[in-house]
Amino acid sequence: MSIVKKMLNIDGRILFVIMFIAVAFPLLHPIVLPMVIQPYSQQAYDFANSIPNGSYVLVEGGNIAATDPACGPALSLFVYHMMTKNCKLVFFELTAEGAFWTQKEINVGLGKLPASVPAQNGVNWVNLGYIAGQESGAAALAANIRSTVSKDYFGTSIDTIPMMNNINTAKDFQAAFWFGGSEGSVPYGVRQLVMPYNLPLGASCTTNEAPNYSPYLQAGQLKGLFAGVRGSAEYEFLMGVPGTALGQSMATNIGGLYWLILILLGNILYFISRARGEK
Amino acid sequence: MSERLVKINIPILLTAVLGIFMIIQFYFPLPQEAATTSNILMSFTTIVSAAALMLGSVILTIAHGKKILEKKPEWYYSILYVIPFAIITILGLISVQGASFAWVYNNITSPIGAALYSLTAFYITSAAYRVFRARNWSAAVLLVVSFIILMMLLPVGDYLVPPVMPIGQWLLSVPSNAGYRGMIMGTSLGVIGLGIRIFTGRQKEHLGIREEKKEAS
(Lines give C-alpha, C1' and ligand atoms only; values in the text may rest on other atoms or scores of the structure.)
Protein backbone atom coordinates (compact mmCIF):
# COMPACT_ATOMS: atom_id res chain seq x y z
CA MET A 1 0.00 0.00 0.00
CA SER A 2 1.40 3.41 -1.00
CA ILE A 3 2.00 6.14 1.57
CA VAL A 4 -0.84 8.19 0.04
CA LYS A 5 -3.25 5.31 0.49
CA LYS A 6 -2.01 4.77 4.04
CA MET A 7 -2.59 8.43 4.86
CA LEU A 8 -6.06 8.34 3.34
CA ASN A 9 -6.90 5.33 5.50
CA ILE A 10 -5.40 6.80 8.66
CA ASP A 11 -6.99 5.58 11.92
CA GLY A 12 -9.84 7.93 12.84
CA ARG A 13 -8.73 7.90 16.47
CA ILE A 14 -5.54 9.79 15.52
CA LEU A 15 -7.66 12.53 13.91
CA PHE A 16 -9.84 12.66 17.02
CA VAL A 17 -6.89 12.92 19.43
CA ILE A 18 -5.40 15.81 17.45
CA MET A 19 -8.84 17.49 17.44
CA PHE A 20 -9.10 17.05 21.19
CA ILE A 21 -5.65 18.61 21.74
CA ALA A 22 -6.41 21.42 19.27
CA VAL A 23 -9.53 22.40 21.26
CA ALA A 24 -8.41 21.59 24.80
CA PHE A 25 -5.05 23.35 24.72
CA PRO A 26 -6.38 26.85 23.92
CA LEU A 27 -9.13 26.41 26.52
CA LEU A 28 -6.53 25.65 29.17
CA HIS A 29 -4.18 28.41 27.96
CA PRO A 30 -6.44 31.12 26.53
CA ILE A 31 -4.87 33.64 24.16
CA VAL A 32 -6.93 36.40 22.58
CA LEU A 33 -6.11 36.78 18.89
CA PRO A 34 -7.00 39.83 16.81
CA MET A 35 -10.45 39.63 15.23
CA VAL A 36 -12.50 41.54 12.70
CA ILE A 37 -16.04 42.31 13.91
CA GLN A 38 -18.71 40.76 11.68
CA PRO A 39 -21.33 43.20 10.33
CA TYR A 40 -24.25 41.35 11.99
CA SER A 41 -22.55 41.46 15.40
CA GLN A 42 -21.80 45.15 14.97
CA GLN A 43 -25.47 45.74 14.06
CA ALA A 44 -26.64 43.76 17.11
CA TYR A 45 -24.33 45.74 19.38
CA ASP A 46 -25.43 49.04 17.83
CA PHE A 47 -29.08 48.01 18.27
CA ALA A 48 -28.58 47.06 21.93
CA ASN A 49 -26.68 50.29 22.48
CA SER A 50 -29.44 52.34 20.83
CA ILE A 51 -32.17 51.10 23.18
CA PRO A 52 -33.11 54.21 25.14
CA ASN A 53 -32.18 54.32 28.83
CA GLY A 54 -34.94 53.07 31.11
CA SER A 55 -36.74 51.13 28.33
CA TYR A 56 -38.69 47.94 28.93
CA VAL A 57 -37.01 45.10 27.01
CA LEU A 58 -38.59 41.68 26.40
CA VAL A 59 -36.00 38.88 26.32
CA GLU A 60 -36.45 35.27 25.25
CA GLY A 61 -33.87 32.87 26.67
CA GLY A 62 -33.62 29.68 24.64
CA ASN A 63 -30.18 28.41 25.59
CA ILE A 64 -29.86 24.87 26.90
CA ALA A 65 -26.90 22.90 28.28
CA ALA A 66 -25.53 22.26 24.78
CA THR A 67 -25.70 25.87 23.56
CA ASP A 68 -25.12 27.83 26.77
CA PRO A 69 -21.29 27.71 26.51
CA ALA A 70 -21.44 29.40 23.07
CA CYS A 71 -24.42 31.76 23.42
CA GLY A 72 -24.71 32.16 27.20
CA PRO A 73 -21.89 34.73 27.44
CA ALA A 74 -23.81 37.05 25.07
CA LEU A 75 -26.93 36.76 27.24
CA SER A 76 -25.11 37.50 30.49
CA LEU A 77 -23.39 40.45 28.84
CA PHE A 78 -26.72 41.69 27.48
CA VAL A 79 -28.07 41.66 31.05
CA TYR A 80 -25.02 43.67 32.16
CA HIS A 81 -25.35 46.04 29.19
CA MET A 82 -29.05 46.74 29.70
CA MET A 83 -28.76 47.10 33.47
CA THR A 84 -26.08 49.77 33.05
CA LYS A 85 -28.63 51.59 30.86
CA ASN A 86 -31.22 51.28 33.64
CA CYS A 87 -33.48 49.21 31.36
CA LYS A 88 -36.19 46.95 32.76
CA LEU A 89 -35.79 43.38 31.53
CA VAL A 90 -38.64 40.87 31.26
CA PHE A 91 -37.39 37.36 30.47
CA PHE A 92 -39.38 34.35 29.27
CA GLU A 93 -38.40 30.96 27.91
CA LEU A 94 -40.01 28.63 25.36
CA THR A 95 -38.21 25.52 26.66
CA ALA A 96 -38.37 24.14 30.20
CA GLU A 97 -34.61 23.74 30.32
CA GLY A 98 -34.11 27.26 28.96
CA ALA A 99 -35.64 28.69 32.14
CA PHE A 100 -32.79 27.31 34.24
CA TRP A 101 -30.00 28.42 31.88
CA THR A 102 -31.47 31.86 31.41
CA GLN A 103 -31.65 32.40 35.17
CA LYS A 104 -28.04 31.19 35.43
CA GLU A 105 -26.87 33.74 32.85
CA ILE A 106 -28.96 36.48 34.48
CA ASN A 107 -27.08 35.76 37.72
CA VAL A 108 -23.73 35.87 35.87
CA GLY A 109 -24.62 39.22 34.30
CA LEU A 110 -25.83 40.69 37.58
CA GLY A 111 -22.64 39.45 39.29
CA LYS A 112 -20.53 41.61 36.96
CA LEU A 113 -22.42 44.81 37.78
CA PRO A 114 -20.89 47.39 40.10
CA ALA A 115 -22.77 47.80 43.38
CA SER A 116 -23.93 51.27 42.32
CA VAL A 117 -26.14 49.86 39.51
CA PRO A 118 -29.61 48.89 40.74
CA ALA A 119 -30.44 45.30 39.72
CA GLN A 120 -33.20 44.11 41.99
CA ASN A 121 -35.46 41.22 41.08
CA GLY A 122 -38.99 42.51 40.52
CA VAL A 123 -37.83 46.11 40.24
CA ASN A 124 -35.24 46.02 37.47
CA TRP A 125 -35.77 42.57 36.01
CA VAL A 126 -38.22 39.70 36.14
CA ASN A 127 -37.99 36.15 34.80
CA LEU A 128 -41.44 34.84 33.83
CA GLY A 129 -40.05 31.32 33.37
CA TYR A 130 -41.14 28.62 30.96
CA ILE A 131 -44.06 29.33 28.65
CA ALA A 132 -45.45 26.17 27.05
CA GLY A 133 -46.71 26.10 23.48
CA GLN A 134 -43.67 27.23 21.49
CA GLU A 135 -44.75 29.84 18.89
CA SER A 136 -48.36 29.83 20.12
CA GLY A 137 -47.03 30.43 23.64
CA ALA A 138 -44.99 33.40 22.40
CA ALA A 139 -48.05 34.78 20.60
CA ALA A 140 -50.19 34.38 23.72
CA LEU A 141 -47.59 36.10 25.90
CA ALA A 142 -47.24 38.97 23.45
CA ALA A 143 -51.02 39.45 23.39
CA ASN A 144 -51.63 39.20 27.15
CA ILE A 145 -48.95 38.36 29.71
CA ARG A 146 -51.32 37.88 32.65
CA SER A 147 -53.61 35.45 30.87
CA THR A 148 -50.57 33.39 29.84
CA VAL A 149 -48.56 33.31 33.04
CA SER A 150 -49.60 34.19 36.57
CA LYS A 151 -46.34 33.70 38.50
CA ASP A 152 -42.70 34.34 37.71
CA TYR A 153 -39.84 31.81 37.81
CA PHE A 154 -39.58 32.22 41.59
CA GLY A 155 -43.30 31.71 42.17
CA THR A 156 -44.08 35.37 42.83
CA SER A 157 -47.45 36.54 41.57
CA ILE A 158 -46.99 38.90 38.62
CA ASP A 159 -49.56 41.29 40.06
CA THR A 160 -47.30 41.85 43.09
CA ILE A 161 -44.17 42.60 41.03
CA PRO A 162 -43.67 46.39 40.99
CA MET A 163 -42.05 46.65 37.54
CA MET A 164 -44.95 44.72 35.94
CA ASN A 165 -47.49 47.44 36.78
CA ASN A 166 -49.02 48.63 33.50
CA ILE A 167 -47.03 46.01 31.55
CA ASN A 168 -49.22 43.39 29.92
CA THR A 169 -48.63 43.16 26.18
CA ALA A 170 -45.80 43.43 23.68
CA LYS A 171 -47.04 46.99 23.00
CA ASP A 172 -45.71 48.00 26.42
CA PHE A 173 -42.09 47.21 25.45
CA GLN A 174 -39.66 49.38 23.55
CA ALA A 175 -37.40 46.56 22.28
CA ALA A 176 -36.91 42.79 22.34
CA PHE A 177 -33.96 40.42 22.14
CA TRP A 178 -34.26 36.74 21.27
CA PHE A 179 -31.53 34.41 22.58
CA GLY A 180 -32.68 31.39 20.60
CA GLY A 181 -29.65 29.10 21.04
CA SER A 182 -30.16 26.30 18.55
CA GLU A 183 -33.91 25.86 19.04
CA GLY A 184 -34.67 27.59 15.72
CA SER A 185 -37.17 29.91 17.37
CA VAL A 186 -35.84 33.29 16.21
CA PRO A 187 -38.47 33.44 13.40
CA TYR A 188 -41.16 33.12 16.14
CA GLY A 189 -39.94 36.48 17.43
CA VAL A 190 -40.11 37.97 13.94
CA ARG A 191 -43.63 36.63 13.38
CA GLN A 192 -45.09 37.27 16.85
CA LEU A 193 -43.31 40.43 18.03
CA VAL A 194 -41.98 42.32 15.01
CA MET A 195 -44.81 41.93 12.52
CA PRO A 196 -47.88 42.45 14.77
CA TYR A 197 -46.38 44.89 17.31
CA ASN A 198 -43.56 46.53 15.34
CA LEU A 199 -41.19 45.75 18.20
CA PRO A 200 -37.51 46.15 17.18
CA LEU A 201 -35.81 42.78 17.65
CA GLY A 202 -32.20 41.63 17.97
CA ALA A 203 -31.11 38.01 18.30
CA SER A 204 -28.47 35.47 19.20
CA CYS A 205 -28.13 31.89 17.96
CA THR A 206 -25.57 29.18 17.37
CA THR A 207 -23.17 29.57 14.43
CA ASN A 208 -24.84 26.88 12.33
CA GLU A 209 -28.19 28.69 12.47
CA ALA A 210 -26.83 32.10 11.51
CA PRO A 211 -27.12 31.69 7.68
CA ASN A 212 -30.83 30.81 8.11
CA TYR A 213 -31.54 34.24 9.54
CA SER A 214 -29.83 36.41 6.92
CA PRO A 215 -33.18 36.98 5.07
CA TYR A 216 -34.64 38.50 8.26
CA LEU A 217 -31.52 40.63 8.79
CA GLN A 218 -31.56 41.93 5.24
CA ALA A 219 -35.27 42.71 5.47
CA GLY A 220 -34.63 44.70 8.66
CA GLN A 221 -36.93 42.42 10.67
CA LEU A 222 -33.91 41.51 12.78
CA LYS A 223 -31.76 44.45 13.85
CA GLY A 224 -28.65 42.36 14.43
CA LEU A 225 -27.39 38.90 15.32
CA PHE A 226 -24.75 37.52 17.68
CA ALA A 227 -23.84 34.17 16.08
CA GLY A 228 -22.29 31.49 18.24
CA VAL A 229 -19.21 31.85 20.35
CA ARG A 230 -17.74 34.29 17.87
CA GLY A 231 -20.75 36.57 18.21
CA SER A 232 -20.50 36.38 22.00
CA ALA A 233 -16.75 37.10 21.84
CA GLU A 234 -17.34 40.08 19.56
CA TYR A 235 -19.97 41.44 21.96
CA GLU A 236 -17.48 41.11 24.82
CA PHE A 237 -14.83 42.81 22.67
CA LEU A 238 -17.16 45.69 21.69
CA MET A 239 -18.33 46.16 25.27
CA GLY A 240 -14.76 46.01 26.59
CA VAL A 241 -15.85 43.38 29.11
CA PRO A 242 -13.68 40.26 28.55
CA GLY A 243 -15.41 37.02 29.47
CA THR A 244 -15.43 33.32 28.74
CA ALA A 245 -16.37 33.74 25.04
CA LEU A 246 -13.14 35.56 24.17
CA GLY A 247 -11.20 32.69 25.72
CA GLN A 248 -13.24 30.10 23.83
CA SER A 249 -12.82 31.86 20.48
CA MET A 250 -9.18 30.69 20.37
CA ALA A 251 -10.37 27.06 20.64
CA THR A 252 -12.82 27.76 17.79
CA ASN A 253 -9.93 29.18 15.73
CA ILE A 254 -7.63 26.22 16.20
CA GLY A 255 -10.41 23.63 15.78
CA GLY A 256 -11.72 25.35 12.64
CA LEU A 257 -8.27 25.70 11.11
CA TYR A 258 -7.66 22.00 11.81
CA TRP A 259 -10.84 21.16 9.87
CA LEU A 260 -9.74 23.32 6.94
CA ILE A 261 -6.31 21.65 6.90
CA LEU A 262 -7.98 18.21 6.94
CA ILE A 263 -10.29 19.16 4.06
CA LEU A 264 -7.32 20.41 2.00
CA LEU A 265 -5.12 17.44 2.88
CA GLY A 266 -7.88 14.94 2.20
CA ASN A 267 -8.52 16.43 -1.24
CA ILE A 268 -4.83 16.68 -2.18
CA LEU A 269 -4.27 13.05 -1.23
CA TYR A 270 -7.46 12.04 -3.07
CA PHE A 271 -6.31 13.69 -6.30
CA ILE A 272 -2.79 12.22 -6.04
CA SER A 273 -4.32 8.81 -5.46
CA ARG A 274 -6.66 9.24 -8.43
CA ALA A 275 -3.83 10.48 -10.71
CA ARG A 276 -1.89 7.32 -9.87
CA GLY A 277 -4.89 5.24 -10.73
CA GLU A 278 -5.15 3.79 -7.23
CA LYS A 279 -8.53 2.55 -6.06
CA MET B 1 -75.34 11.28 18.02
CA SER B 2 -73.42 9.22 15.56
CA GLU B 3 -69.79 8.38 16.25
CA ARG B 4 -68.68 10.11 13.05
CA LEU B 5 -70.39 13.35 14.06
CA VAL B 6 -68.67 13.39 17.48
CA LYS B 7 -65.25 12.16 16.42
CA ILE B 8 -64.88 13.79 13.02
CA ASN B 9 -67.46 16.37 11.99
CA ILE B 10 -67.63 18.45 15.19
CA PRO B 11 -63.81 18.61 15.65
CA ILE B 12 -63.38 19.65 12.00
CA LEU B 13 -66.06 22.32 12.35
CA LEU B 14 -64.49 23.63 15.56
CA THR B 15 -61.02 23.68 13.98
CA ALA B 16 -62.31 25.54 10.93
CA VAL B 17 -64.38 28.13 12.84
CA LEU B 18 -61.73 28.87 15.48
CA GLY B 19 -58.90 28.74 12.94
CA ILE B 20 -60.60 31.23 10.63
CA PHE B 21 -61.47 33.42 13.63
CA MET B 22 -57.79 33.51 14.70
CA ILE B 23 -56.58 34.26 11.16
CA ILE B 24 -59.16 36.91 10.30
CA GLN B 25 -57.91 39.32 12.98
CA PHE B 26 -54.65 39.74 11.02
CA TYR B 27 -56.61 41.12 8.05
CA PHE B 28 -59.55 43.01 9.57
CA PRO B 29 -59.97 45.09 12.74
CA LEU B 30 -62.21 43.18 15.17
CA PRO B 31 -64.36 44.53 18.03
CA GLN B 32 -62.83 44.47 21.53
CA GLU B 33 -64.91 41.43 22.57
CA ALA B 34 -63.51 39.40 19.67
CA ALA B 35 -59.94 40.49 20.49
CA THR B 36 -60.44 39.43 24.12
CA THR B 37 -61.79 36.05 23.01
CA SER B 38 -58.80 35.62 20.72
CA ASN B 39 -56.39 36.35 23.64
CA ILE B 40 -58.22 33.79 25.80
CA LEU B 41 -57.98 31.20 23.02
CA MET B 42 -54.24 31.89 22.66
CA SER B 43 -53.73 31.40 26.40
CA PHE B 44 -55.52 28.03 26.04
CA THR B 45 -52.66 26.84 23.82
CA THR B 46 -50.12 27.26 26.64
CA ILE B 47 -52.39 25.31 29.03
CA VAL B 48 -53.01 22.53 26.51
CA SER B 49 -49.28 22.38 25.64
CA ALA B 50 -48.30 22.15 29.32
CA ALA B 51 -50.90 19.43 29.88
CA ALA B 52 -49.62 17.55 26.80
CA LEU B 53 -46.08 17.74 28.19
CA MET B 54 -47.23 16.29 31.50
CA LEU B 55 -49.31 13.61 29.77
CA GLY B 56 -46.36 12.68 27.57
CA SER B 57 -44.09 12.31 30.62
CA VAL B 58 -46.64 10.11 32.39
CA ILE B 59 -47.21 7.88 29.34
CA LEU B 60 -43.46 7.52 28.74
CA THR B 61 -42.88 6.62 32.40
CA ILE B 62 -45.70 4.05 32.35
CA ALA B 63 -44.25 2.50 29.18
CA HIS B 64 -40.77 2.23 30.70
CA GLY B 65 -42.20 1.04 34.02
CA LYS B 66 -44.09 -1.77 32.24
CA LYS B 67 -40.93 -2.74 30.37
CA ILE B 68 -39.04 -3.09 33.65
CA LEU B 69 -41.81 -5.01 35.44
CA GLU B 70 -42.31 -7.40 32.53
CA LYS B 71 -38.53 -7.79 32.03
CA LYS B 72 -38.84 -7.15 28.31
CA PRO B 73 -35.66 -7.20 26.15
CA GLU B 74 -33.15 -4.54 27.24
CA TRP B 75 -35.38 -3.61 30.20
CA TYR B 76 -32.35 -2.39 32.15
CA TYR B 77 -32.05 0.65 29.86
CA SER B 78 -35.46 1.75 31.06
CA ILE B 79 -34.09 2.02 34.60
CA LEU B 80 -31.77 4.72 33.27
CA TYR B 81 -34.87 6.71 32.40
CA VAL B 82 -37.16 5.93 35.35
CA ILE B 83 -34.72 6.56 38.23
CA PRO B 84 -33.39 9.95 37.03
CA PHE B 85 -36.94 10.98 36.08
CA ALA B 86 -38.16 10.16 39.60
CA ILE B 87 -35.23 11.96 41.27
CA ILE B 88 -35.55 15.12 39.14
CA THR B 89 -39.34 15.21 39.58
CA ILE B 90 -39.04 14.93 43.36
CA LEU B 91 -36.29 17.57 43.53
CA GLY B 92 -38.28 19.87 41.24
CA LEU B 93 -41.45 19.43 43.28
CA ILE B 94 -39.54 20.26 46.49
CA SER B 95 -38.10 23.42 44.92
CA VAL B 96 -36.87 24.36 41.45
CA GLN B 97 -34.79 27.02 43.18
CA GLY B 98 -33.18 24.52 45.54
CA ALA B 99 -29.45 23.80 45.56
CA SER B 100 -30.06 20.10 44.83
CA PHE B 101 -32.04 20.84 41.65
CA ALA B 102 -29.34 23.28 40.49
CA TRP B 103 -26.66 20.72 41.33
CA VAL B 104 -28.28 18.19 38.97
CA TYR B 105 -28.34 20.75 36.15
CA ASN B 106 -24.82 22.02 36.74
CA ASN B 107 -23.14 18.68 37.32
CA ILE B 108 -25.13 16.20 35.23
CA THR B 109 -27.33 17.86 32.59
CA SER B 110 -24.79 20.50 31.60
CA PRO B 111 -21.77 18.20 31.05
CA ILE B 112 -23.92 15.59 29.25
CA GLY B 113 -25.53 18.19 26.97
CA ALA B 114 -22.21 19.88 26.23
CA ALA B 115 -20.49 16.53 25.62
CA LEU B 116 -23.21 15.37 23.20
CA TYR B 117 -23.01 18.65 21.29
CA SER B 118 -19.19 18.50 21.29
CA LEU B 119 -19.24 15.05 19.68
CA THR B 120 -20.35 16.82 16.49
CA ALA B 121 -16.85 18.28 16.25
CA PHE B 122 -15.37 14.78 16.08
CA TYR B 123 -17.86 13.54 13.50
CA ILE B 124 -17.13 16.60 11.35
CA THR B 125 -13.38 15.96 11.74
CA SER B 126 -13.74 12.50 10.29
CA ALA B 127 -16.12 13.70 7.55
CA ALA B 128 -13.82 16.62 6.63
CA TYR B 129 -10.94 14.25 5.94
CA ARG B 130 -12.68 11.24 4.43
CA VAL B 131 -15.88 12.37 2.72
CA PHE B 132 -15.65 16.04 1.78
CA ARG B 133 -14.02 15.51 -1.65
CA ALA B 134 -14.22 17.38 -4.94
CA ARG B 135 -15.34 14.25 -6.78
CA ASN B 136 -17.22 16.27 -9.45
CA TRP B 137 -17.99 19.91 -10.30
CA SER B 138 -21.00 20.17 -7.97
CA ALA B 139 -18.97 18.80 -5.05
CA ALA B 140 -16.09 21.15 -5.94
CA VAL B 141 -18.41 24.19 -5.78
CA LEU B 142 -19.77 23.01 -2.42
CA LEU B 143 -16.23 22.49 -1.16
CA VAL B 144 -15.00 25.96 -2.17
CA VAL B 145 -18.09 27.71 -0.76
CA SER B 146 -17.88 25.77 2.51
CA PHE B 147 -14.20 26.58 2.79
CA ILE B 148 -14.88 30.32 2.40
CA ILE B 149 -17.84 30.34 4.83
CA LEU B 150 -15.97 28.34 7.46
CA MET B 151 -12.96 30.61 7.12
CA MET B 152 -15.23 33.65 7.44
CA LEU B 153 -16.91 32.28 10.56
CA LEU B 154 -13.61 31.62 12.31
CA PRO B 155 -12.74 34.59 14.53
CA VAL B 156 -9.24 34.71 13.05
CA GLY B 157 -10.31 33.80 9.48
CA ASP B 158 -10.72 37.25 7.99
CA TYR B 159 -7.55 38.37 9.74
CA LEU B 160 -5.55 35.61 8.03
CA VAL B 161 -7.32 35.85 4.64
CA PRO B 162 -9.05 39.27 4.40
CA PRO B 163 -11.03 38.56 1.16
CA VAL B 164 -13.07 35.82 2.88
CA MET B 165 -15.23 38.39 4.69
CA PRO B 166 -16.61 40.26 1.61
CA ILE B 167 -16.85 37.07 -0.47
CA GLY B 168 -18.49 35.15 2.40
CA GLN B 169 -20.93 38.00 3.10
CA TRP B 170 -21.86 38.09 -0.59
CA LEU B 171 -22.42 34.31 -0.61
CA LEU B 172 -24.68 34.62 2.44
CA SER B 173 -26.48 37.73 1.22
CA VAL B 174 -27.15 36.74 -2.40
CA PRO B 175 -27.20 33.02 -3.32
CA SER B 176 -27.87 31.65 0.17
CA ASN B 177 -30.40 34.35 0.95
CA ALA B 178 -32.24 33.83 -2.33
CA GLY B 179 -32.46 30.10 -1.76
CA TYR B 180 -33.53 30.39 1.85
CA ARG B 181 -36.08 33.09 1.11
CA GLY B 182 -37.56 30.85 -1.57
CA MET B 183 -37.70 28.04 0.95
CA ILE B 184 -39.49 30.26 3.50
CA MET B 185 -42.04 31.31 0.86
CA GLY B 186 -42.53 27.71 -0.24
CA THR B 187 -42.98 26.51 3.34
CA SER B 188 -45.44 29.31 4.07
CA LEU B 189 -47.52 28.50 1.00
CA GLY B 190 -47.44 24.84 2.05
CA VAL B 191 -48.69 25.77 5.53
CA ILE B 192 -51.53 27.80 4.00
CA GLY B 193 -52.43 24.82 1.82
CA LEU B 194 -52.32 22.49 4.81
CA GLY B 195 -54.53 24.90 6.78
CA ILE B 196 -57.12 24.96 4.00
CA ARG B 197 -57.08 21.16 3.82
CA ILE B 198 -57.59 20.90 7.62
CA PHE B 199 -60.38 23.51 7.65
CA THR B 200 -62.20 21.76 4.83
CA GLY B 201 -61.82 18.35 6.47
CA ARG B 202 -59.60 16.88 3.75
CA GLN B 203 -56.70 16.40 6.20
CA LYS B 204 -57.66 14.41 9.30
CA GLU B 205 -54.30 13.33 10.74
CA HIS B 206 -54.63 15.83 13.63
CA LEU B 207 -57.71 13.86 14.75
CA GLY B 208 -55.72 10.64 14.84
CA ILE B 209 -57.27 9.42 11.59
CA ARG B 210 -54.95 8.20 8.88
CA GLU B 211 -56.63 7.64 5.57
CA GLU B 212 -54.68 5.46 3.18
CA LYS B 213 -54.82 6.52 -0.44
CA LYS B 214 -56.56 4.04 -2.65
CA GLU B 215 -54.03 2.63 -5.03
CA ALA B 216 -54.98 2.94 -8.68
CA SER B 217 -55.95 -0.43 -9.89
# chains A, B, ... in the order shown; residues from 1 in each chain; ligands from 1
>>> residues_around(residues="Phe199 of chain B", least_positions_apart="6", cutoff="7 Å", atoms="only C-alpha atoms", output="list of chain:residue names")
B:Ile12, B:Thr15, B:Ala16
>>> write_last_selection(atoms="C-alpha atoms", output="short mmCIF file (atom, residue, chain, number, x, y, z; two decimals), in the first residue's frame")
data_model
loop_
_atom_site.label_atom_id
_atom_site.label_comp_id
_atom_site.auth_asym_id
_atom_site.auth_seq_id
_atom_site.Cartn_x
_atom_site.Cartn_y
_atom_site.Cartn_z
CA ILE B 12 -63.38 19.65 12.00
CA THR B 15 -61.02 23.68 13.98
CA ALA B 16 -62.31 25.54 10.93
#
>>> residues_around(residues="Gln25 of chain B", least_positions_apart="3", cutoff="9 Å", atoms="only C-alpha atoms", output="ChimeraX atom specification")
/B:20-22,28-30,34-35,38
>>> interface_residues(of="chain A", to="chain B", cutoff="7 Å", atoms="only C-alpha atoms", output="ChimeraX atom specification")
/A:12,16,33-36,65-66,131-133,136-137,140,143-144,147-148,211-212,214-215,230,249,252-253,256,259-260,262-263,266-267
>>> atom_distance(atom1="atom CA of Ile64 of chain A", atom2="atom CA of Gly98 of chain A")
5.3 Å
>>> residues_around(residues="Gln203 of chain B", least_positions_apart="6", cutoff="12 Å", atoms="only C-alpha atoms", output="number ranges by chain")
B: 8, 12, 15-16, 193-197, 209-212
>>> closest_residue(among="A:Ser204, A:Asn63, A:Ser76, A:Asn49", to="Gly243 of chain A", atoms="only C-alpha atoms")
A:Ser76
>>> residues_around(residues="segment 108-125 of chain A", least_positions_apart="5", cutoff="8 Å", atoms="only C-alpha atoms", output="PyMOL selection string")
chain A and resi 75-80+83-84+86-91+161-164
>>> atom_distance(atom1="atom CA of Leu199 of chain A", atom2="atom CA of Leu94 of chain A")
18.6 Å
>>> select_by_dssp(residues="segment 56-197 of chain B", states="alpha helix (DSSP H)", output="PyMOL selection string")
chain B and resi 56-69+75-94+99-104+110-130+137-153+157-160+164-171+177-197
>>> closest_residue(among="A:Gly277, A:Pro242, A:Gly224, A:Pro196", to="Tyr27 of chain B", atoms="only C-alpha atoms")
A:Pro196
